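> Quick one, query.txt (compact mmCIF, C-alpha atoms):
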# COMPACT_ATOMS: atom_id res chain seq x y z
CA MET A 1 144.84 138.32 74.03
CA ALA A 2 147.97 139.33 72.07
CA PHE A 3 146.32 141.06 69.13
CA PHE A 4 148.11 143.88 67.33
CA LYS A 5 146.99 146.33 64.66
CA PHE A 6 149.60 148.49 62.97
CA HIS A 7 148.88 151.36 60.59
CA ASN A 8 151.30 153.14 58.24
CA ILE A 9 153.50 150.05 57.93
CA ARG A 10 153.55 147.86 54.85
CA VAL A 11 155.24 144.72 53.62
CA ALA A 12 157.30 146.15 50.77
CA GLY A 13 158.68 142.86 49.44
CA VAL A 14 159.75 139.29 50.15
CA ALA A 15 162.43 136.96 48.81
CA CYS A 16 163.89 133.58 49.66
CA ALA A 17 166.68 131.20 48.75
CA VAL A 18 167.11 127.43 49.05
CA PRO A 19 170.22 125.27 48.71
CA LYS A 20 170.89 123.68 45.32
CA ASN A 21 171.13 120.15 46.68
CA GLU A 22 167.79 118.42 46.09
CA VAL A 23 167.01 115.26 48.06
CA LYS A 24 164.22 113.04 46.70
CA THR A 25 162.08 111.48 49.43
CA GLU A 26 162.07 108.27 47.41
CA SER A 27 165.80 107.98 48.03
CA TYR A 28 164.96 106.95 51.62
CA LYS A 29 163.25 103.73 50.48
CA PRO A 30 166.35 101.54 50.97
CA LEU A 31 166.67 102.91 54.52
CA PHE A 32 163.04 103.02 55.71
CA GLY A 33 161.29 100.63 53.30
CA ASN A 34 158.93 101.26 50.37
CA GLU A 35 155.67 101.15 52.33
CA GLU A 36 156.81 103.56 55.04
CA VAL A 37 158.16 106.09 52.55
CA GLU A 38 155.10 105.89 50.30
CA LYS A 39 152.78 106.45 53.28
CA PHE A 40 154.94 109.33 54.46
CA MET A 41 154.80 111.00 51.05
CA GLN A 42 151.06 110.54 50.82
CA MET A 43 150.44 111.95 54.31
CA THR A 44 152.93 114.83 54.35
CA GLY A 45 153.09 115.66 50.66
CA VAL A 46 156.90 115.90 50.84
CA ARG A 47 158.40 114.42 47.67
CA SER A 48 161.69 116.29 47.71
CA SER A 49 163.51 118.95 49.68
CA HIS A 50 166.64 121.06 49.43
CA ARG A 51 169.46 120.61 51.93
CA THR A 52 172.38 122.83 52.81
CA LEU A 53 176.06 121.99 52.49
CA GLU A 54 177.89 121.18 55.73
CA HIS A 55 178.95 124.75 56.52
CA GLN A 56 176.14 126.55 54.73
CA THR A 57 173.73 128.30 57.09
CA CYS A 58 170.28 129.80 57.08
CA SER A 59 171.89 133.25 57.19
CA ASP A 60 173.82 132.47 53.98
CA LEU A 61 170.50 131.80 52.27
CA GLY A 62 168.89 134.87 53.86
CA PHE A 63 171.86 136.98 52.76
CA ARG A 64 171.35 136.01 49.12
CA ALA A 65 167.62 136.67 49.41
CA ALA A 66 168.26 140.08 51.00
CA GLN A 67 170.75 141.07 48.28
CA GLU A 68 168.15 140.26 45.64
CA LEU A 69 165.35 142.02 47.48
CA LEU A 70 167.29 145.20 48.22
CA ALA A 71 168.43 145.41 44.57
CA HIS A 72 164.89 144.78 43.31
CA MET A 73 163.37 147.38 45.65
CA ASP A 74 166.19 149.84 44.90
CA VAL A 75 166.83 150.17 48.62
CA ASP A 76 170.36 150.83 49.87
CA SER A 77 171.38 148.88 52.98
CA SER A 78 172.22 152.23 54.63
CA GLU A 79 168.44 152.85 54.82
CA ILE A 80 167.80 149.80 57.00
CA GLY A 81 167.08 150.66 60.64
CA ALA A 82 166.32 147.19 62.00
CA CYS A 83 167.74 143.78 61.17
CA ILE A 84 166.02 140.93 62.98
CA PHE A 85 166.91 137.25 62.49
CA SER A 86 164.04 135.04 63.64
CA SER A 87 165.16 131.41 63.59
CA HIS A 88 166.32 128.36 65.52
CA SER A 89 169.34 127.97 63.23
CA PRO A 90 171.87 130.61 64.26
CA ASP A 91 175.41 130.64 62.83
CA TYR A 92 176.91 130.47 66.33
CA ARG A 93 175.79 129.77 69.87
CA ARG A 94 176.68 133.42 70.32
CA PRO A 95 176.68 136.19 69.11
CA ALA A 96 173.31 136.64 67.47
CA THR A 97 173.25 136.02 63.72
CA ALA A 98 171.57 139.38 63.10
CA PHE A 99 174.96 141.02 63.68
CA VAL A 100 176.61 138.83 61.05
CA LEU A 101 173.93 139.80 58.56
CA GLN A 102 174.21 143.46 59.52
CA TYR A 103 177.95 143.37 58.84
CA ARG A 104 177.69 141.42 55.59
CA LEU A 105 174.94 143.62 54.20
CA GLY A 106 176.48 146.91 55.32
CA ILE A 107 173.56 147.91 57.52
CA PRO A 108 174.52 151.01 59.54
CA LYS A 109 175.60 150.94 63.18
CA GLU A 110 172.55 153.01 64.10
CA ALA A 111 170.33 149.99 63.37
CA VAL A 112 168.79 147.74 66.00
CA CYS A 113 169.85 144.10 65.49
CA TYR A 114 168.96 140.97 67.39
CA ASP A 115 167.76 137.40 67.05
CA ILE A 116 164.41 135.93 67.99
CA SER A 117 164.58 132.25 68.96
CA LEU A 118 161.62 130.76 67.11
CA GLY A 119 161.01 128.10 64.48
CA CYS A 120 157.84 127.57 62.49
CA SER A 121 156.13 130.68 63.89
CA SER A 122 159.14 132.93 63.27
CA LEU A 123 157.55 134.89 60.44
CA VAL A 124 154.32 135.87 62.16
CA VAL A 125 155.90 136.61 65.55
CA GLY A 126 158.83 138.30 63.79
CA MET A 127 156.42 140.55 61.88
CA GLN A 128 154.66 141.45 65.11
CA THR A 129 158.03 142.32 66.70
CA VAL A 130 159.40 144.33 63.76
CA ALA A 131 156.14 146.20 63.25
CA SER A 132 156.11 147.04 66.97
CA ILE A 133 159.66 148.40 66.76
CA MET A 134 158.75 150.50 63.73
CA ASN A 135 155.51 151.65 65.28
CA MET A 136 157.22 153.02 68.38
CA GLY A 137 160.49 154.27 66.87
CA ASP A 138 161.80 156.32 63.98
CA ILE A 139 162.82 153.40 61.78
CA ARG A 140 161.56 153.68 58.20
CA LYS A 141 162.77 150.37 56.77
CA ALA A 142 163.48 147.01 58.40
CA LEU A 143 164.61 143.57 57.32
CA LEU A 144 163.13 140.47 58.94
CA PHE A 145 165.02 137.24 58.28
CA VAL A 146 163.34 133.88 58.82
CA GLY A 147 164.09 130.24 58.10
CA ASP A 148 165.91 127.22 59.42
CA THR A 149 168.25 124.42 58.55
CA ALA A 150 166.32 121.99 60.72
CA GLY A 151 167.63 118.92 58.90
CA LYS A 152 171.10 119.49 60.37
CA SER A 153 169.92 118.48 63.85
CA VAL A 154 167.93 115.42 62.74
CA TYR A 155 169.48 111.99 63.28
CA PRO A 156 169.76 110.59 59.73
CA GLU A 157 167.89 107.37 60.60
CA ASP A 158 165.06 109.10 62.46
CA ARG A 159 162.12 108.24 60.24
CA SER A 160 159.86 110.74 62.01
CA SER A 161 161.92 113.73 60.82
CA ALA A 162 164.62 112.73 58.32
CA MET A 163 162.33 113.06 55.31
CA LEU A 164 160.24 116.01 56.51
CA PHE A 165 162.43 119.07 56.61
CA GLY A 166 163.71 121.21 53.80
CA GLU A 167 166.02 124.15 54.34
CA ALA A 168 165.52 127.75 53.29
CA GLY A 169 166.24 131.34 54.24
CA ALA A 170 163.78 134.13 53.57
CA VAL A 171 163.58 137.85 54.10
CA MET A 172 160.82 140.42 54.36
CA LEU A 173 161.28 144.17 53.87
CA LEU A 174 158.90 146.24 55.99
CA GLU A 175 158.49 149.93 55.38
CA LYS A 176 156.86 152.83 57.17
CA THR A 177 154.50 154.83 54.97
CA ASP A 178 152.29 157.92 55.11
CA ASN A 179 149.24 155.89 54.12
CA PRO A 180 147.03 154.96 57.10
CA ASN A 181 145.40 152.27 54.94
CA ASP A 182 148.67 150.35 54.98
CA GLU A 183 147.91 147.91 57.75
CA ILE A 184 149.39 144.85 59.38
CA ASN A 185 147.38 142.74 61.85
CA ALA A 186 148.90 140.12 64.10
CA LEU A 187 147.47 137.64 66.59
CA VAL A 188 150.05 135.69 68.58
CA ARG A 189 149.71 132.86 71.12
CA SER A 190 152.07 130.63 73.07
CA ASP A 191 151.70 127.42 75.07
CA GLY A 192 154.77 126.58 77.12
CA SER A 193 153.20 123.36 78.36
CA GLY A 194 154.33 121.88 75.05
CA TYR A 195 157.97 123.01 75.27
CA SER A 196 159.19 119.41 75.09
CA TYR A 197 157.02 118.33 72.13
CA MET A 198 159.69 119.58 69.73
CA ILE A 199 163.09 119.90 71.30
CA VAL A 200 166.84 119.45 70.90
CA PRO A 201 167.52 118.53 74.54
CA GLY A 202 171.32 118.82 74.55
CA GLY A 203 173.76 121.57 73.66
CA GLY A 204 171.96 124.35 75.51
CA TYR A 205 173.09 125.53 78.92
CA ARG A 206 170.89 122.99 80.75
CA ASN A 207 173.06 120.19 79.37
CA LEU A 208 175.87 121.83 77.45
CA HIS A 209 178.03 118.74 76.98
CA ALA A 210 175.21 116.21 76.54
CA SER A 211 176.05 112.66 75.58
CA GLU A 212 176.18 112.00 71.85
CA GLU A 213 175.56 108.31 72.35
CA VAL A 214 172.90 107.00 69.98
CA VAL A 215 169.87 105.73 71.90
CA MET A 216 166.97 103.75 70.47
CA CYS A 217 163.97 105.81 71.59
CA GLU A 218 160.57 104.40 72.57
CA ASP A 219 159.09 105.51 69.27
CA GLY A 220 161.47 103.18 67.46
CA ASN A 221 163.80 105.88 66.16
CA PRO A 222 167.49 106.25 67.06
CA ARG A 223 168.68 109.67 68.23
CA THR A 224 171.22 111.39 70.44
CA LEU A 225 170.48 114.18 72.91
CA MET A 226 171.90 116.60 70.35
CA ASN A 227 169.20 115.69 67.81
CA SER A 228 165.68 116.94 67.18
CA PHE A 229 162.88 115.12 68.99
CA ILE A 230 159.34 115.50 67.71
CA GLN A 231 156.41 113.99 69.57
CA GLY A 232 154.38 113.73 66.41
CA THR A 233 150.98 112.86 67.77
CA SER A 234 151.09 115.58 70.42
CA VAL A 235 152.10 118.13 67.81
CA PHE A 236 149.38 116.94 65.45
CA THR A 237 146.63 117.27 68.02
CA PHE A 238 147.75 120.75 69.05
CA THR A 239 147.82 121.76 65.40
CA ILE A 240 144.48 120.30 64.49
CA PHE A 241 142.62 121.93 67.39
CA ASP A 242 144.50 125.08 68.39
CA VAL A 243 145.50 126.45 64.99
CA PRO A 244 141.95 126.49 63.56
CA ARG A 245 140.78 128.22 66.74
CA LEU A 246 143.49 130.87 66.34
CA ILE A 247 142.50 131.43 62.70
CA LYS A 248 138.82 131.76 63.56
CA ASP A 249 139.69 134.23 66.31
CA PHE A 250 141.85 136.17 63.84
CA PHE A 251 138.92 136.45 61.44
CA ALA A 252 136.73 137.68 64.31
CA LYS A 253 139.31 140.20 65.55
CA THR A 254 139.92 141.62 62.08
CA GLU A 255 136.23 141.40 61.11
CA THR A 256 137.17 139.47 57.99
CA THR A 257 136.19 136.16 56.41
CA PRO A 258 138.22 133.74 54.29
CA ASP A 259 136.73 135.39 51.20
CA ASP A 260 138.55 138.63 52.02
CA TYR A 261 141.97 137.09 51.31
CA ASP A 262 143.61 136.35 47.98
CA CYS A 263 146.21 134.06 49.44
CA PHE A 264 146.83 132.04 52.59
CA GLY A 265 150.58 131.87 53.13
CA PHE A 266 150.56 129.15 55.74
CA HIS A 267 153.43 127.34 57.38
CA GLN A 268 154.03 124.16 55.39
CA ALA A 269 153.86 121.74 58.33
CA ASN A 270 152.58 118.84 56.27
CA LEU A 271 149.87 118.36 53.69
CA TYR A 272 147.46 116.48 55.94
CA ILE A 273 147.59 119.21 58.58
CA LEU A 274 147.08 121.99 56.01
CA LYS A 275 144.06 120.22 54.53
CA GLN A 276 142.59 119.73 57.99
CA ILE A 277 143.14 123.39 58.88
CA ALA A 278 141.57 124.53 55.59
CA LYS A 279 138.58 122.26 56.13
CA LYS A 280 138.02 123.35 59.73
CA THR A 281 138.31 127.07 58.93
CA LYS A 282 136.45 126.99 55.58
CA ILE A 283 139.50 128.34 53.75
CA ASP A 284 139.60 127.63 50.02
CA PHE A 285 142.52 125.22 49.71
CA GLU A 286 143.22 126.48 46.19
CA ARG A 287 144.24 129.83 47.67
CA MET A 288 146.78 128.16 49.96
CA PRO A 289 150.00 127.75 47.96
CA ILE A 290 151.73 124.43 48.64
CA THR A 291 155.48 123.91 48.36
CA LEU A 292 155.80 120.80 50.54
CA ASP A 293 156.07 118.62 47.47
CA ARG A 294 159.26 120.28 46.18
CA TYR A 295 160.78 121.99 49.24
CA GLY A 296 159.52 120.05 52.27
CA ASN A 297 158.74 121.68 55.60
CA THR A 298 160.96 124.77 55.47
CA SER A 299 160.04 125.92 58.99
CA GLY A 300 159.60 129.68 59.45
CA ALA A 301 160.55 130.41 55.84
CA SER A 302 157.80 128.23 54.42
CA ALA A 303 155.10 130.88 54.09
CA ILE A 304 157.44 133.14 52.12
CA VAL A 305 158.78 130.20 50.08
CA SER A 306 155.17 129.44 49.13
CA LEU A 307 154.41 133.06 48.24
CA CYS A 308 157.57 133.22 46.12
CA ASP A 309 156.68 129.96 44.43
CA ARG A 310 153.17 131.09 43.50
CA TYR A 311 153.80 134.76 42.67
CA GLY A 312 157.55 134.99 42.03
CA SER A 313 157.11 134.73 38.29
CA ASP A 314 153.87 136.74 38.18
CA THR A 315 154.24 139.32 35.44
CA GLU A 316 151.26 141.41 36.57
CA ASN A 317 151.73 143.95 39.30
CA ARG A 318 148.64 143.51 41.41
CA LYS A 319 148.05 144.07 45.08
CA ILE A 320 147.02 140.94 46.97
CA LYS A 321 145.77 140.51 50.50
CA VAL A 322 147.64 137.79 52.33
CA MET A 323 146.92 135.97 55.56
CA ALA A 324 150.00 134.27 56.96
CA CYS A 325 149.90 131.66 59.69
CA GLY A 326 152.78 130.00 61.54
CA PHE A 327 152.68 127.35 64.25
CA GLY A 328 155.07 124.95 65.86
CA ILE A 329 157.96 124.63 68.28
CA GLY A 330 157.45 126.44 71.55
CA ILE A 331 154.53 125.88 71.31
CA SER A 332 154.15 129.15 69.43
CA LEU A 333 151.49 130.14 66.94
CA GLY A 334 150.25 133.24 65.23
CA ALA A 335 148.52 134.80 62.26
CA THR A 336 149.10 138.03 60.39
CA SER A 337 147.51 139.83 57.48
CA PHE A 338 149.01 142.31 55.07
CA GLU A 339 148.90 143.51 51.48
CA ILE A 340 151.75 143.17 49.01
CA ASN A 341 152.33 143.86 45.32
CA THR A 342 152.97 140.63 43.44
CA ALA A 343 155.80 142.33 41.53
CA ASP A 344 157.62 142.59 44.86
CA ILE A 345 157.44 138.87 45.56
CA LEU A 346 160.64 137.52 44.04
CA PRO A 347 161.17 134.03 42.63
CA ILE A 348 162.90 131.30 44.66
CA TYR A 349 166.69 131.49 44.30
CA GLU A 350 168.99 128.49 44.56
CA ASP A 351 172.33 129.19 46.17
CA ASP A 352 175.23 127.26 47.68
CA ALA A 353 177.40 130.20 48.72
CA ILE A 354 179.04 130.03 52.14
CA TYR A 355 180.32 132.98 54.14
CA GLU A 356 183.88 131.71 54.31
CA ASP A 357 185.07 134.46 56.67
CA GLY A 358 182.46 133.30 59.17
CA LEU A 359 183.69 129.72 59.25
CA ILE A 360 186.07 129.45 62.19
CA THR A 361 187.72 126.03 62.32
CA ASP A 362 190.88 127.10 64.15
CA PRO A 363 190.63 129.36 67.24
CA ASN A 364 193.68 131.30 66.11
CA GLN A 365 191.75 132.51 63.08
CA LEU A 366 190.15 134.91 65.55
CA TYR A 367 193.55 136.47 66.32
CA GLU A 368 194.64 136.96 62.73
CA LYS A 369 195.23 140.57 61.76
CA LYS A 370 192.74 141.69 59.14
CA MET B 1 128.87 103.19 67.63
CA GLU B 2 127.96 102.46 64.00
CA LYS B 3 128.96 106.00 63.04
CA LEU B 4 132.32 105.45 64.70
CA LEU B 5 132.88 102.15 62.89
CA ASP B 6 132.11 103.87 59.56
CA LEU B 7 134.56 106.61 60.45
CA LEU B 8 137.31 104.14 61.38
CA THR B 9 136.76 101.98 58.32
CA GLY B 10 136.89 105.09 56.14
CA ILE B 11 140.40 105.77 57.43
CA ARG B 12 141.67 102.17 57.42
CA PRO B 13 139.41 99.93 55.30
CA ASP B 14 141.84 97.03 55.74
CA VAL B 15 141.35 96.76 59.53
CA ASP B 16 138.66 94.68 61.28
CA PHE B 17 137.61 97.32 63.82
CA GLU B 18 134.71 95.22 65.13
CA ASN B 19 137.05 92.56 66.50
CA GLU B 20 140.54 94.00 66.94
CA THR B 21 141.43 94.74 70.57
CA ALA B 22 145.13 95.64 70.27
CA LEU B 23 145.10 98.27 67.53
CA ILE B 24 147.99 100.19 69.12
CA ASP B 25 149.74 97.42 71.05
CA ASP B 26 150.01 95.28 67.90
CA GLY B 27 151.06 98.23 65.75
CA ILE B 28 147.98 97.97 63.50
CA LEU B 29 147.41 101.73 63.76
CA ASP B 30 150.34 104.13 63.49
CA SER B 31 150.54 107.75 64.61
CA PHE B 32 149.23 109.02 61.27
CA ASP B 33 146.13 106.85 61.68
CA VAL B 34 145.58 108.02 65.26
CA VAL B 35 145.79 111.64 64.20
CA SER B 36 143.36 111.06 61.33
CA ILE B 37 140.94 109.37 63.74
CA ILE B 38 141.22 112.23 66.25
CA SER B 39 140.55 114.81 63.59
CA GLU B 40 137.58 112.91 62.14
CA ILE B 41 136.09 112.43 65.61
CA ASP B 42 136.24 116.20 66.09
CA ASP B 43 134.40 116.70 62.78
CA VAL B 44 131.80 113.97 63.23
CA PHE B 45 131.15 114.01 67.00
CA GLY B 46 132.38 117.50 67.92
CA VAL B 47 134.68 115.97 70.54
CA GLN B 48 138.27 117.13 70.86
CA ILE B 49 140.61 114.41 72.12
CA ARG B 50 143.48 116.30 73.74
CA ILE B 51 147.04 115.25 74.44
CA ASN B 52 146.37 113.93 77.96
CA GLU B 53 143.91 111.43 76.49
CA LEU B 54 146.47 110.01 74.08
CA ASP B 55 146.91 106.89 76.18
CA PRO B 56 147.31 103.81 73.92
CA GLU B 57 144.61 102.09 75.99
CA ASN B 58 142.09 104.60 74.67
CA PHE B 59 142.81 103.55 71.08
CA ASN B 60 143.30 99.79 71.28
CA SER B 61 139.76 98.99 70.11
CA ALA B 62 136.73 100.66 68.61
CA LEU B 63 134.97 100.17 71.94
CA ALA B 64 137.77 101.94 73.83
CA ILE B 65 137.57 104.86 71.41
CA TRP B 66 133.78 104.91 71.76
CA ASN B 67 134.06 104.96 75.56
CA LEU B 68 136.51 107.86 75.34
CA ILE B 69 134.10 109.80 73.13
CA GLN B 70 131.27 109.14 75.59
CA LYS B 71 133.42 110.25 78.53
CA LEU B 72 134.50 113.47 76.82
CA ASN B 73 130.97 114.13 75.62
CA LYS B 74 129.75 113.84 79.20
CA ASN B 75 132.45 116.27 80.32
CA ILE B 76 131.32 118.78 77.70
CA GLN B 77 127.68 118.47 78.77
CA GLN B 78 128.47 118.87 82.48
Reformat the file's structure so that it appears as structure tokens.

Amino acid sequence: MAFFKFHNIRVAGVACAVPKNEVKTESYKPLFGNEEVEKFMQMTGVRSSHRTLEHQTCSDLGFRAAQELLAHMDVDSSEIGACIFSSHSPDYRRPATAFVLQYRLGIPKEAVCYDISLGCSSLVVGMQTVASIMNMGDIRKALLFVGDTAGKSVYPEDRSSAMLFGEAGAVMLLEKTDNPNDEINALVRSDGSGYSYMIVPGGGYRNLHASEEVVMCEDGNPRTLMNSFIQGTSVFTFTIFDVPRLIKDFFAKTETTPDDYDCFGFHQANLYILKQIAKKTKIDFERMPITLDRYGNTSGASAIVSLCDRYGSDTENRKIKVMACGFGIGISLGATSFEINTADILPIYEDDAIYEDGLITDPNQLYEKK
Amino acid sequence: MEKLLDLLTGIRPDVDFENETALIDDGILDSFDVVSIISEIDDVFGVQIRINELDPENFNSALAIWNLIQKLNKNIQQ
């Protein structure tokens, strides 16, 4: 049982950014047909999403969010001791994107920086990792970046995924405190038997130069080996059975009930799944902010996007107790709980900035004298 | 069986579940419907249909679904 309880660590603030480009789900009607798109919207709740520009990355969005958060919290980047990027959308195959963010933000060389390769569970597992680092070391402040640009790996005519994903980058500032009542709980699980349920089969070192020939798959959707594959029904069944069980176990481990939480910042998988999870765990759906309708499934950033959407414009400064839950590719799933001041949940920013220095289109750019 | 037919009709009122025998093969039910059925069966019968049972044959008719529920129920009781 991977259950963790951390004292003297708090979530100081969260922020997120999405691309400016908004894609209406209805715009897919000429491609997929009216009936299919209407049913999709009804089932998933996704009515629009925001998509990145060609060379815009998740780290660009996270960078903007981090700039806003550090300024709001009056924290200088020199105070950051850990910079962790938890995502399936790195800037490069290597090195890790955390180093790019460290450099851009001016985080000191004494900091620990690395990536965690996770998607929809990246926030909860990332929090468990960062809190563990802080718990064992002398780091006082840490930045955890989450989010994905999942749409970039979807074949445009794949009706199972093309309309589902939105893109976002989010950041969480964690801080060590002298208050033992500051507490973060985390319960994490993994099921490798489902590693192929959500997969991009090509481009990794198993099949580095995979064919990019478009193949009509058995589910009726065209894709290449370099695209995202989602075995929808398998994923659904895992979600409907295993996620509620995890949540119930989390309540038992933390000796809490749904009534103890002000907000359920849950991964925005799709509306049907979230309603099922709420029903099966007796969570008040009203306390589960939904952003699927305007931002789509924003992968690991979605819990923070939803918090920012609900509380980002909150003028009161009140402390709320949040339960976050993430589940998806891996299969990986987890839940965390923490308290946060609503004044430190920033609104959703829209940004199209690209880190131009990071875009290498000619190998000789790497040999230019700076 | 009547409870199952009510459940199925609640999800897809337009389908003749008493007579259809190729619900999957003929594309009458899609993956969203199957997932809704699986979830409702868990709520109503307390039976969890897992991934290894997601054979189209188990969902082609109301009778096939009923037989699957009975089989899984027996497994739980054993």
> Find the residues in chain B near chain A: any atom within 9 Å counts, using all atoms listed in the file. Write them as a PyMOL selection string.
chain B and resi 31-32+34-36+38-39+42-43+48-51+54
> Skipping near chain neighbours, those fewer than 4 positions away, what residues fall within 9 Å of B:Leu29 using all atoms listed in the file, listed as number ranges by chain?
B: 12, 15, 23-25, 33-34, 59-60
> Using all atoms listed in the file, which of A:His7, A:His72, A:Arg51, A:Lys282 sits nearest A:Thr177?
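The shortest atom-to-atom distance to A:Thr177 comes from A:His7.
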> Rank B:Asp55, B:Ala64, B:Asn75, B:Gln70 by their smallest atom-to-atom distance to B:Thr21, using all atoms listed in the file, and report the top residue only.
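Counting all atoms listed in the file, the residue closest to B:Thr21 is B:Ala64.
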> Set the distance at 7 Å and use only C-alpha atoms: which residues neighbour stretch 321-329 of chain A once local chain neighbours fewer than 3 positions away are removed? I'd like the list as a list of chain:residue names.
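Here the answer would be A:Gly119, A:Cys120, A:Ser121, A:Leu123, A:Val124, A:Met198, A:Tyr261, A:Asp262, A:Cys263, A:Phe264, A:Gly265, A:Phe266, A:His267, A:Ala303, A:Ser332, A:Leu333, A:Gly334, A:Ala335, A:Thr336, A:Ser337, A:Phe338, A:Glu339, A:Ile340.
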> Could you please give me, as an MDAnalysis selection string, the residues of protein, DNA or RNA lying at most 12 Å from (170.3, 133.1, 54.3) in the coordinate frame of the file, considering all atoms listed in the file?
chainID A and resid 15:19 52 56:68 85:87 89:91 97:98 100:101 104:105 144:149 167:172 301 349:355
> Work out how far apart atom CA of B:Ile69 and atom CA of B:Val44 are and give it in Å to one decimal.
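Taking atom CA of B:Ile69 and atom CA of B:Val44, their separation equals 11.0 Å.
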> Which of these, A:Glu26, A:Glu286, A:Asp158, A:Glu212, has the shortest distance to A:Pro258 once you count only C-alpha atoms?
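The closest residue to A:Pro258 is A:Glu286.
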> Measure the distance from atom CA of A:Asp182 to atom CA of A:Ala131 in Å and round it to one decimal.
11.9 Å
